[in-house]
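Colleague: This is the content of data.pdb (PDB, C-alpha atoms):
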```pdb
ATOM      1  CA  MET A 215      -3.406 -53.333  13.098
ATOM      2  CA  THR A 216      -6.859 -54.900  13.238
ATOM      3  CA  PRO A 217      -5.931 -57.505  15.928
ATOM      4  CA  TRP A 218      -5.185 -54.591  18.276
ATOM      5  CA  PHE A 219      -8.667 -53.193  17.893
ATOM      6  CA  PHE A 220     -10.215 -56.606  18.545
ATOM      7  CA  ALA A 221      -7.969 -57.104  21.592
ATOM      8  CA  LEU A 222      -8.878 -53.653  22.911
ATOM      9  CA  ALA A 223     -12.548 -54.443  22.364
ATOM     10  CA  ALA A 224     -12.210 -57.694  24.348
ATOM     11  CA  VAL A 225     -10.447 -55.992  27.268
ATOM     12  CA  LEU A 226     -12.952 -53.125  27.394
ATOM     13  CA  ALA A 227     -15.851 -55.593  27.183
ATOM     14  CA  ALA A 228     -14.397 -57.622  30.067
ATOM     15  CA  PHE A 229     -14.190 -54.511  32.258
ATOM     16  CA  GLY A 230     -17.570 -53.265  31.078
ATOM     17  CA  LEU A 231     -19.306 -56.572  31.816
ATOM     18  CA  TYR A 232     -17.647 -56.791  35.222
ATOM     19  CA  VAL A 233     -18.885 -53.321  36.135
ATOM     20  CA  GLY A 234     -22.268 -54.019  34.557
ATOM     21  CA  PHE A 235     -22.941 -57.262  36.376
ATOM     22  CA  PHE A 236     -21.006 -57.065  39.625
ATOM     23  CA  VAL A 237     -20.743 -53.393  40.495
ATOM     24  CA  ALA A 238     -23.804 -51.634  39.069
ATOM     25  CA  PRO A 239     -26.872 -51.845  41.315
ATOM     26  CA  THR A 240     -30.287 -53.273  40.483
ATOM     27  CA  ASP A 241     -32.613 -50.772  38.786
ATOM     28  CA  ALA A 242     -35.376 -49.590  41.109
ATOM     29  CA  THR A 243     -38.172 -49.881  38.541
ATOM     30  CA  GLN A 244     -36.927 -52.404  35.964
ATOM     31  CA  GLY A 245     -35.161 -54.874  38.250
ATOM     32  CA  GLU A 246     -32.409 -56.914  36.633
ATOM     33  CA  SER A 247     -33.896 -56.708  33.124
ATOM     34  CA  TYR A 248     -32.199 -53.313  32.695
ATOM     35  CA  ARG A 249     -28.821 -55.099  32.423
ATOM     36  CA  ILE A 250     -29.598 -55.504  28.727
ATOM     37  CA  ILE A 251     -28.722 -51.788  28.560
ATOM     38  CA  PHE A 252     -24.997 -52.646  28.507
ATOM     39  CA  ILE A 253     -25.311 -54.116  25.046
ATOM     40  CA  HIS A 254     -28.520 -52.561  23.750
ATOM     41  CA  VAL A 255     -27.463 -48.922  24.052
ATOM     42  CA  PRO A 256     -23.926 -49.414  22.656
ATOM     43  CA  ALA A 257     -25.349 -51.402  19.717
ATOM     44  CA  ALA A 258     -27.981 -48.726  19.062
ATOM     45  CA  TRP A 259     -25.413 -45.916  19.281
ATOM     46  CA  MET A 260     -23.064 -47.745  16.926
ATOM     47  CA  SER A 261     -25.875 -48.474  14.470
ATOM     48  CA  MET A 262     -26.478 -44.732  14.088
ATOM     49  CA  PHE A 263     -22.872 -43.613  14.381
ATOM     50  CA  LEU A 264     -21.626 -46.145  11.821
ATOM     51  CA  TYR A 265     -24.299 -44.956   9.403
ATOM     52  CA  LEU A 266     -23.011 -41.388   9.716
ATOM     53  CA  VAL A 267     -19.405 -42.507   9.228
ATOM     54  CA  MET A 268     -20.444 -44.644   6.254
ATOM     55  CA  ALA A 269     -22.349 -41.722   4.713
ATOM     56  CA  CYS A 270     -19.342 -39.416   5.254
ATOM     57  CA  TRP A 271     -16.970 -41.805   3.493
ATOM     58  CA  ALA A 272     -19.528 -42.313   0.740
ATOM     59  CA  ALA A 273     -19.861 -38.520   0.308
ATOM     60  CA  VAL A 274     -16.084 -38.064   0.154
ATOM     61  CA  GLY A 275     -15.906 -40.874  -2.408
ATOM     62  CA  LEU A 276     -18.647 -39.264  -4.464
ATOM     63  CA  ILE A 277     -17.281 -35.719  -4.362
ATOM     64  CA  MET A 278     -13.509 -36.294  -4.461
ATOM     65  CA  ASN A 279     -13.779 -39.467  -6.533
ATOM     66  CA  THR A 280     -11.423 -41.312  -4.186
ATOM     67  CA  ARG A 281     -11.771 -45.069  -4.423
ATOM     68  CA  MET A 282     -10.538 -45.798  -0.918
ATOM     69  CA  SER A 283     -13.284 -43.670   0.679
ATOM     70  CA  SER A 284     -15.953 -45.598  -1.183
ATOM     71  CA  MET A 285     -14.360 -48.863  -0.126
ATOM     72  CA  MET A 286     -14.456 -47.709   3.507
ATOM     73  CA  ALA A 287     -18.172 -47.001   3.139
ATOM     74  CA  SER A 288     -18.747 -50.488   1.727
ATOM     75  CA  ALA A 289     -16.675 -52.008   4.532
ATOM     76  CA  ILE A 290     -18.673 -50.274   7.264
ATOM     77  CA  ALA A 291     -22.146 -51.158   5.934
ATOM     78  CA  PRO A 292     -22.285 -54.852   7.002
ATOM     79  CA  THR A 293     -21.082 -54.064  10.538
ATOM     80  CA  GLY A 294     -23.580 -51.219  10.748
ATOM     81  CA  ALA A 295     -26.379 -53.529   9.643
ATOM     82  CA  LEU A 296     -25.272 -56.046  12.233
ATOM     83  CA  MET A 297     -25.321 -53.435  15.021
ATOM     84  CA  THR A 298     -28.830 -52.451  13.932
ATOM     85  CA  VAL A 299     -29.945 -56.086  14.115
ATOM     86  CA  LEU A 300     -28.432 -56.377  17.597
ATOM     87  CA  ALA A 301     -30.116 -53.155  18.750
ATOM     88  CA  LEU A 302     -33.482 -54.435  17.470
ATOM     89  CA  ILE A 303     -33.190 -57.954  18.928
ATOM     90  CA  THR A 304     -31.843 -56.900  22.336
ATOM     91  CA  GLY A 305     -34.447 -54.129  22.358
ATOM     92  CA  SER A 306     -37.291 -56.551  21.787
ATOM     93  CA  LEU A 307     -35.925 -58.856  24.495
ATOM     94  CA  TRP A 308     -35.984 -55.839  26.788
ATOM     95  CA  GLY A 309     -39.407 -54.724  25.604
ATOM     96  CA  LYS A 310     -41.126 -58.000  26.430
ATOM     97  CA  PRO A 311     -40.565 -57.871  30.220
ATOM     98  CA  THR A 312     -40.851 -54.078  30.538
ATOM     99  CA  TRP A 313     -43.631 -53.238  28.059
ATOM    100  CA  GLY A 314     -45.255 -56.654  27.718
ATOM    101  CA  THR A 315     -44.544 -56.918  23.988
ATOM    102  CA  TYR A 316     -41.605 -57.819  21.778
ATOM    103  CA  TRP A 317     -42.501 -55.281  19.130
ATOM    104  CA  VAL A 318     -44.636 -52.183  18.745
ATOM    105  CA  TRP A 319     -44.858 -49.749  15.819
ATOM    106  CA  ASP A 320     -43.505 -46.933  17.876
ATOM    107  CA  ALA A 321     -41.507 -44.050  16.334
ATOM    108  CA  ARG A 322     -38.146 -45.115  17.811
ATOM    109  CA  LEU A 323     -38.501 -48.789  16.867
ATOM    110  CA  THR A 324     -39.890 -48.079  13.412
ATOM    111  CA  SER A 325     -37.160 -45.573  12.513
ATOM    112  CA  GLU A 326     -34.494 -48.040  13.713
ATOM    113  CA  LEU A 327     -36.079 -50.700  11.471
ATOM    114  CA  VAL A 328     -35.928 -48.206   8.595
ATOM    115  CA  LEU A 329     -32.214 -47.848   9.374
ATOM    116  CA  LEU A 330     -31.777 -51.602   8.939
ATOM    117  CA  PHE A 331     -33.532 -51.406   5.561
ATOM    118  CA  LEU A 332     -31.254 -48.528   4.538
ATOM    119  CA  TYR A 333     -28.174 -50.622   5.331
ATOM    120  CA  LEU A 334     -29.629 -53.636   3.531
ATOM    121  CA  GLY A 335     -30.661 -51.429   0.596
ATOM    122  CA  PHE A 336     -27.120 -50.042   0.378
ATOM    123  CA  LEU A 337     -25.628 -53.550   0.411
ATOM    124  CA  ALA A 338     -28.145 -54.925  -2.087
ATOM    125  CA  LEU A 339     -27.682 -51.973  -4.445
ATOM    126  CA  GLN A 340     -23.901 -52.345  -4.406
ATOM    127  CA  ALA A 341     -24.151 -56.092  -4.899
ATOM    128  CA  ALA A 342     -26.485 -55.622  -7.867
ATOM    129  CA  ILE A 343     -24.117 -53.389  -9.881
ATOM    130  CA  ASP A 344     -21.160 -55.116 -11.498
ATOM    131  CA  ASP A 345     -18.962 -52.071 -12.085
ATOM    132  CA  PRO A 346     -17.487 -51.208  -8.637
ATOM    133  CA  ARG A 347     -17.220 -47.488  -9.338
ATOM    134  CA  ARG A 348     -20.829 -47.231 -10.439
ATOM    135  CA  ALA A 349     -21.848 -49.321  -7.419
ATOM    136  CA  ASP A 350     -19.940 -46.884  -5.178
ATOM    137  CA  LYS A 351     -21.728 -43.870  -6.656
ATOM    138  CA  ALA A 352     -25.214 -45.399  -6.516
ATOM    139  CA  GLY A 353     -24.598 -46.574  -2.936
ATOM    140  CA  ALA A 354     -23.327 -43.132  -1.935
ATOM    141  CA  VAL A 355     -26.481 -41.433  -3.184
ATOM    142  CA  LEU A 356     -28.648 -43.905  -1.254
ATOM    143  CA  ALA A 357     -26.522 -43.531   1.895
ATOM    144  CA  LEU A 358     -26.704 -39.715   1.727
ATOM    145  CA  VAL A 359     -30.466 -39.639   1.222
ATOM    146  CA  GLY A 360     -30.832 -42.021   4.180
ATOM    147  CA  VAL A 361     -28.921 -39.713   6.537
ATOM    148  CA  ILE A 362     -32.215 -37.901   7.156
ATOM    149  CA  ASN A 363     -33.308 -40.964   9.151
ATOM    150  CA  ILE A 364     -30.562 -40.561  11.797
ATOM    151  CA  PRO A 365     -31.901 -37.398  13.485
ATOM    152  CA  ILE A 366     -35.371 -38.913  13.215
ATOM    153  CA  ILE A 367     -34.208 -41.939  15.246
ATOM    154  CA  TYR A 368     -32.286 -39.807  17.696
ATOM    155  CA  PHE A 369     -35.024 -37.297  18.428
ATOM    156  CA  SER A 370     -37.976 -39.674  18.001
ATOM    157  CA  VAL A 371     -38.365 -40.069  21.757
ATOM    158  CA  GLN A 372     -38.721 -36.292  22.101
ATOM    159  CA  TRP A 373     -40.784 -35.523  19.011
ATOM    160  CA  TRP A 374     -43.372 -38.224  19.455
ATOM    161  CA  ASN A 375     -45.037 -39.848  22.390
ATOM    162  CA  THR A 376     -43.164 -43.125  22.195
ATOM    163  CA  LEU A 377     -43.319 -46.255  24.293
ATOM    164  CA  HIS A 378     -39.526 -46.260  24.181
ATOM    165  CA  GLN A 379     -38.117 -44.460  27.186
ATOM    166  CA  GLY A 380     -36.361 -41.129  26.787
ATOM    167  CA  SER A 381     -32.591 -41.042  26.789
ATOM    168  CA  SER A 382     -30.837 -41.323  30.139
ATOM    169  CA  VAL A 383     -27.637 -39.933  28.705
ATOM    170  CA  SER A 384     -27.484 -36.659  26.796
ATOM    171  CA  LEU A 385     -24.944 -34.078  25.782
ATOM    172  CA  THR A 386     -26.764 -31.187  27.398
ATOM    173  CA  ARG A 387     -27.514 -32.420  30.929
ATOM    174  CA  SER A 388     -26.040 -34.779  33.461
ATOM    175  CA  PRO A 389     -27.075 -38.420  33.039
ATOM    176  CA  SER A 390     -30.103 -39.617  34.991
ATOM    177  CA  MET A 391     -28.636 -42.934  36.032
ATOM    178  CA  ALA A 392     -26.287 -44.347  38.645
ATOM    179  CA  ALA A 393     -22.615 -43.586  37.977
ATOM    180  CA  THR A 394     -21.644 -47.263  37.910
ATOM    181  CA  MET A 395     -24.410 -48.073  35.390
ATOM    182  CA  LEU A 396     -23.144 -45.253  33.211
ATOM    183  CA  LEU A 397     -19.540 -46.431  33.549
ATOM    184  CA  GLY A 398     -20.474 -49.986  32.511
ATOM    185  CA  MET A 399     -22.422 -48.655  29.556
ATOM    186  CA  LEU A 400     -19.632 -46.352  28.397
ATOM    187  CA  LEU A 401     -17.034 -49.124  28.671
ATOM    188  CA  MET A 402     -19.266 -51.387  26.581
ATOM    189  CA  ALA A 403     -19.835 -48.557  24.094
ATOM    190  CA  LEU A 404     -16.062 -48.177  23.726
ATOM    191  CA  ALA A 405     -15.744 -51.956  23.308
ATOM    192  CA  PHE A 406     -18.374 -51.938  20.530
ATOM    193  CA  TRP A 407     -16.609 -48.984  18.964
ATOM    194  CA  MET A 408     -13.220 -50.743  18.900
ATOM    195  CA  TYR A 409     -14.850 -53.913  17.591
ATOM    196  CA  SER A 410     -16.524 -51.958  14.782
ATOM    197  CA  ILE A 411     -13.243 -50.292  13.787
ATOM    198  CA  GLY A 412     -11.503 -53.678  13.790
ATOM    199  CA  ALA A 413     -14.242 -55.296  11.724
ATOM    200  CA  ALA A 414     -14.412 -52.419   9.217
ATOM    201  CA  LEU A 415     -10.628 -52.337   8.744
ATOM    202  CA  HIS A 416     -10.463 -56.106   8.361
ATOM    203  CA  ARG A 417     -13.235 -56.004   5.745
ATOM    204  CA  VAL A 418     -11.773 -53.071   3.816
ATOM    205  CA  ARG A 419      -8.511 -55.002   3.412
ATOM    206  CA  SER A 420     -10.457 -57.822   1.774
ATOM    207  CA  ILE A 421     -12.346 -55.363  -0.434
ATOM    208  CA  VAL A 422      -9.069 -53.781  -1.571
ATOM    209  CA  LEU A 423      -7.721 -57.211  -2.501
ATOM    210  CA  GLU A 424     -10.924 -58.078  -4.340
ATOM    211  CA  ARG A 425     -10.781 -54.916  -6.417
ATOM    212  CA  GLU A 426      -7.028 -54.547  -6.845
ATOM    213  CA  ARG A 427      -6.154 -58.131  -7.544
ATOM    214  CA  ARG A 428      -4.431 -57.132 -10.784
ATOM    215  CA  ALA A 429      -2.501 -54.211  -9.263
ATOM    216  CA  GLU A 430       1.275 -54.271  -9.253
ATOM    217  CA  TRP A 431       1.568 -53.955  -5.453
ATOM    218  CA  THR A 432      -0.779 -56.886  -4.958
ATOM    219  CA  LYS A 433       1.487 -59.022  -7.118
ATOM    220  CA  GLU A 434       4.514 -57.883  -5.154
ATOM    221  CA  LEU A 435       2.860 -58.770  -1.854
ATOM    222  CA  LEU A 436       1.978 -62.138  -3.290
ATOM    223  CA  ALA A 437       5.525 -62.687  -4.567
ATOM    224  CA  GLN A 438       6.922 -61.785  -1.147
ATOM    225  CA  GLY A 439       4.591 -64.331   0.448
ATOM    226  CA  ARG A 440       2.911 -61.674   2.574
ATOM    227  CA  LEU A 441      -0.647 -62.459   1.467
ATOM    228  CA  LYS A 442      -2.123 -65.010   3.798
TER     229      LYS A 442
ATOM    230  CA  MET B   8     -35.649 -63.393  46.563
ATOM    231  CA  ASP B   9     -36.291 -59.831  47.568
ATOM    232  CA  GLU B  10     -38.445 -58.968  44.539
ATOM    233  CA  GLY B  11     -41.048 -56.356  45.374
ATOM    234  CA  THR B  12     -39.840 -55.389  48.815
ATOM    235  CA  SER B  13     -38.023 -52.225  47.857
ATOM    236  CA  GLY B  14     -36.313 -51.846  51.197
ATOM    237  CA  ALA B  15     -34.480 -55.114  50.690
ATOM    238  CA  ARG B  16     -32.801 -53.827  47.524
ATOM    239  CA  LYS B  17     -29.219 -52.989  48.200
ATOM    240  CA  ALA B  18     -27.313 -50.279  46.387
ATOM    241  CA  GLN B  19     -24.504 -52.708  45.725
ATOM    242  CA  VAL B  20     -25.376 -55.876  43.897
ATOM    243  CA  ASN B  21     -24.684 -58.964  45.879
ATOM    244  CA  TRP B  22     -25.864 -61.957  43.916
ATOM    245  CA  GLY B  23     -25.356 -64.333  46.822
ATOM    246  CA  SER B  24     -25.137 -67.435  44.649
ATOM    247  CA  TRP B  25     -24.523 -68.408  41.030
ATOM    248  CA  ALA B  26     -28.154 -69.569  40.841
ATOM    249  CA  ASN B  27     -29.311 -66.045  41.638
ATOM    250  CA  PHE B  28     -26.868 -64.658  39.106
ATOM    251  CA  TRP B  29     -28.204 -66.856  36.288
ATOM    252  CA  ALA B  30     -31.806 -66.196  37.354
ATOM    253  CA  MET B  31     -31.326 -62.406  36.960
ATOM    254  CA  GLY B  32     -34.251 -61.735  39.269
ATOM    255  CA  GLY B  33     -36.575 -63.710  36.994
ATOM    256  CA  TYR B  34     -35.359 -61.973  33.801
ATOM    257  CA  GLY B  35     -32.750 -64.604  32.969
ATOM    258  CA  PHE B  36     -34.272 -65.518  29.600
ATOM    259  CA  TYR B  37     -34.316 -61.923  28.383
ATOM    260  CA  VAL B  38     -30.943 -60.861  29.759
ATOM    261  CA  TRP B  39     -29.035 -63.990  28.755
ATOM    262  CA  GLY B  40     -30.981 -64.256  25.502
ATOM    263  CA  SER B  41     -29.739 -60.765  24.601
ATOM    264  CA  TYR B  42     -26.142 -61.520  25.495
ATOM    265  CA  ALA B  43     -26.218 -64.877  23.689
ATOM    266  CA  THR B  44     -27.546 -63.119  20.561
ATOM    267  CA  VAL B  45     -24.706 -60.588  20.662
ATOM    268  CA  VAL B  46     -22.074 -63.303  21.092
ATOM    269  CA  ALA B  47     -23.579 -65.419  18.292
ATOM    270  CA  VAL B  48     -23.888 -62.512  15.844
ATOM    271  CA  ILE B  49     -20.332 -61.305  16.514
ATOM    272  CA  ALA B  50     -19.009 -64.862  16.117
ATOM    273  CA  ILE B  51     -20.797 -65.085  12.749
ATOM    274  CA  GLU B  52     -19.343 -61.765  11.608
ATOM    275  CA  LEU B  53     -15.807 -62.743  12.615
ATOM    276  CA  TRP B  54     -16.214 -66.016  10.716
ATOM    277  CA  LEU B  55     -17.537 -64.157   7.651
ATOM    278  CA  LEU B  56     -14.613 -61.704   7.832
ATOM    279  CA  ARG B  57     -12.087 -64.548   7.819
ATOM    280  CA  ALA B  58     -13.919 -66.321   5.004
ATOM    281  CA  ARG B  59     -13.987 -63.153   2.892
ATOM    282  CA  ARG B  60     -10.286 -62.551   3.469
ATOM    283  CA  SER B  61      -9.280 -66.072   2.470
ATOM    284  CA  THR B  62     -11.520 -65.939  -0.617
ATOM    285  CA  ALA B  63      -9.948 -62.607  -1.602
ATOM    286  CA  VAL B  64      -6.422 -63.975  -1.160
ATOM    287  CA  ALA B  65      -7.319 -67.102  -3.145
ATOM    288  CA  GLU B  66      -8.664 -64.897  -5.943
ATOM    289  CA  VAL B  67      -5.478 -62.852  -6.009
ATOM    290  CA  LYS B  68      -3.453 -66.050  -6.268
ATOM    291  CA  ALA B  69      -5.696 -67.529  -8.968
ATOM    292  CA  THR B  70      -5.541 -64.302 -10.992
ATOM    293  CA  ASN B  71      -1.812 -63.735 -10.770
ATOM    294  CA  LEU B  72      -0.317 -67.208 -10.712
ATOM    295  CA  LYS B  73      -2.181 -67.941 -13.944
ATOM    296  CA  GLN B  74      -0.734 -64.885 -15.664
ATOM    297  CA  GLU B  75       2.717 -65.021 -14.125
ATOM    298  CA  PRO B  76       4.566 -66.888 -16.925
ATOM    299  CA  MET B  77       3.067 -64.660 -19.655
ATOM    300  CA  GLN B  78       3.790 -61.455 -17.783
ATOM    301  CA  THR B  79       7.348 -62.219 -16.754
ATOM    302  CA  ALA B  80       8.049 -63.140 -20.356
ATOM    303  CA  GLY B  81       6.379 -59.992 -21.703
ATOM    304  CA  VAL B  82       7.327 -57.304 -19.218
ATOM    305  CA  ARG B  83      10.701 -58.184 -17.818
TER     306      ARG B  83
END
```
Rewrite the structure of this file - the entire thing - as structure tokens.
Modeller:
Amino acid sequence: MTPWFFALAAVLAAFGLYVGFFVAPTDATQGESYRIIFIHVPAAWMSMFLYLVMACWAAVGLIMNTRMSSMMASAIAPTGALMTVLALITGSLWGKPTWGTYWVWDARLTSELVLLFLYLGFLALQAAIDDPRRADKAGAVLALVGVINIPIIYFSVQWWNTLHQGSSVSLTRSPSMAATMLLGMLLMALAFWMYSIGAALHRVRSIVLERERRAEWTKELLAQGRLK
Amino acid sequence: MDEGTSGARKAQVNWGSWANFWAMGGYGFYVWGSYATVVAVIAIELWLLRARRSTAVAEVKATNLKQEPMQTAGVR
């Protein structure tokens, strides 16, 4: 199933980039530099969204004691960390021409950096504990405590006077940007979404094999020659 | 280039030439730097995913092929 998600991501990205570069107009104040938006915003959205999904799976694993949920949480974490890195790097490459600096200790940027440390903390904590079930539980507690950071990132541009611009897209009012810009951004967001699902599912399959290598069904798959 | 003269900006982007496209109105380094970073990072993740999968499969094989003779003798 995972190749389908990657293929869907590639098709959506092709459409999104076409709209973003050949249909969407130049921004009146930021010139062409704004075209970073088509990857920056989707990466930033995914970095937060994946954290919430990871925390949900971790919570289910903690409460219901289901192994698969915890494995999903572990599978999402690296992709989430990667999206956070992309949001930070593309953001700084956008910040330099528009603000004159690659980095500033502004509420939005700082809370996004904290998000990266939460992902890395989750991964490091899990890697440090040998017993997978104990690693799952410890990671889940960390992930759940860290959820508090997500609304802080999201609302940081409203709560504090940040250098980061306010959101152009919100659930409560119509977007303050050209329709074609929005379309390009949404297509890219969908592409990032499909990519993340594909990556998480691919990784969880590896994690299952790592943990269940002595299980009866694993041996059967191996005997049938279906493990490649 | 029509930088600065706001009236010259068209609603529809018309790059005119590939040189203009790559220049990105003077922001080429930042725009293409961002996109190159995304491509590189995703390529690295895809490579890591494949590597992890093949390591996991190799571990399954190492674990089970070692035990196979003992188990078939014992269980079945």
Colleague: Would you mind reading off the distance between CA of Met260 (chain A) and CA of Pro217 (chain A), one decimal, in Å?
Modeller: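 Between CA of Met260 (chain A) and CA of Pro217 (chain A) the gap is 19.7 Å.
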Colleague: What does the ChimeraX specification (/A :<7) & /B select in this file, as a ChimeraX atom specification?
Modeller: /B:18-20,31-32,34,37-38,41,45,56,59-60,63-64,67,71
Colleague: Tell me, as a PyMOL selection string, which residues lie within 8 Å of Trp271 (chain A), counting only C-alpha atoms; anything in the same chain fewer than 4 positions away does not count.
Modeller: chain A and resi 267+275+283-284+286-287
Colleague: I'd like the residues picked by the PyMOL selection byres ((chain A and resi 361-375) around 6) written out as a count of residues only, using the chain letters and numbers from the file.
Modeller: 8
Colleague: One number please: CA of Arg347 (chain A) to CA of Val328 (chain A), in Å, one decimal.
Modeller: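 Pair CA of Arg347 (chain A) / CA of Val328 (chain A) returns 25.9 Å.
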Colleague: Evaluated on this file, the PyMOL selection byres ((chain A and resi 264) around 9) picks out some residues - which ones are they, written as a list in words?
Modeller: Trp259, Met260, Ser261, Met262, Phe263, Tyr265, Leu266, Val267, Met268, Ala269, Ile290, Ala291, Thr293, Gly294, Met297 and Ser410 of chain A
Colleague: So that I have them on file, write out the residues from the current selection with C-alpha atoms, as a PDB file, keeping the file's coordinate frame.
Modeller:
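Result file selection-v4.pdb:
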```
ATOM      1  CA  TRP A 259     -25.413 -45.916  19.281  1.00  0.00           C
ATOM      2  CA  MET A 260     -23.064 -47.745  16.926  1.00  0.00           C
ATOM      3  CA  SER A 261     -25.875 -48.474  14.470  1.00  0.00           C
ATOM      4  CA  MET A 262     -26.478 -44.732  14.088  1.00  0.00           C
ATOM      5  CA  PHE A 263     -22.872 -43.613  14.381  1.00  0.00           C
ATOM      6  CA  TYR A 265     -24.299 -44.956   9.403  1.00  0.00           C
ATOM      7  CA  LEU A 266     -23.011 -41.388   9.716  1.00  0.00           C
ATOM      8  CA  VAL A 267     -19.405 -42.507   9.228  1.00  0.00           C
ATOM      9  CA  MET A 268     -20.444 -44.644   6.254  1.00  0.00           C
ATOM     10  CA  ALA A 269     -22.349 -41.722   4.713  1.00  0.00           C
ATOM     11  CA  ILE A 290     -18.673 -50.274   7.264  1.00  0.00           C
ATOM     12  CA  ALA A 291     -22.146 -51.158   5.934  1.00  0.00           C
ATOM     13  CA  THR A 293     -21.082 -54.064  10.538  1.00  0.00           C
ATOM     14  CA  GLY A 294     -23.580 -51.219  10.748  1.00  0.00           C
ATOM     15  CA  MET A 297     -25.321 -53.435  15.021  1.00  0.00           C
ATOM     16  CA  SER A 410     -16.524 -51.958  14.782  1.00  0.00           C
TER      17      SER A 410
END
```
Colleague: Provide the CA of Val46 (chain B) to CA of Ser390 (chain A) distance in Å, to one decimal place.
Modeller: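 Going from CA of Val46 (chain B) over to CA of Ser390 (chain A) covers 28.6 Å.
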Colleague: If we count only C-alpha atoms, what is near Trp407 (chain A) at a cut-off of 8 Å, once residues fewer than 4 positions away on the same chain are taken out, given as a PyMOL selection string?
Modeller: chain A and resi 223+260+403+411
Colleague: Please give the centre and size of the box around region 43-52 of chain B (axis-aligned, containing every atom listed in the file, 5 Å added per side), with values in Å to one decimal and written as AutoDock Vina command-line options.
Modeller:
```
--center_x -23.3 --center_y -63.0 --center_z 17.6 --size_x 18.5 --size_y 14.8 --size_z 22.1
```
Colleague: For Pro346 (chain A), which residue out of A:Val233, A:Met282, A:Met215, A:Val225 is the nearest one, using all atoms listed in the file?
Modeller: A:Met282
Colleague: Env of Val355 (chain A): 10 Å cut, atoms = all atoms listed in the file, seq-sep filter 6 positions within chain, self excluded. Answer as a VMD selection string.
Modeller: chain A and resid 269 272 to 273 276 336
Colleague: Tell me which protein, DNA and RNA residues are within 8 Å of Leu330 (chain A), counting all atoms listed in the file, leaving out same-chain ones fewer than 2 positions away, and put them as a PyMOL selection string.
Modeller: chain A and resi 295+298-299+326-328+332-334
Colleague: Convert the current residue selection to file output with C-alpha atoms, as a CSV table (one decimal), keeping the file's coordinate frame.
Modeller:
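As written to disk, out20.csv reads:
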```
chain,number,residue,atom,x,y,z
A,295,ALA,CA,-26.4,-53.5,9.6
A,298,THR,CA,-28.8,-52.5,13.9
A,299,VAL,CA,-29.9,-56.1,14.1
A,326,GLU,CA,-34.5,-48.0,13.7
A,327,LEU,CA,-36.1,-50.7,11.5
A,328,VAL,CA,-35.9,-48.2,8.6
A,332,LEU,CA,-31.3,-48.5,4.5
A,333,TYR,CA,-28.2,-50.6,5.3
A,334,LEU,CA,-29.6,-53.6,3.5
```
Colleague: Considering only C-alpha atoms, state which residue in the set A:Ala352, A:Ile343, A:Met402, A:Leu396 is at the smallest distance from Ala228 (chain A).
Modeller: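 Closest residue, counting only C-alpha atoms: A:Met402.
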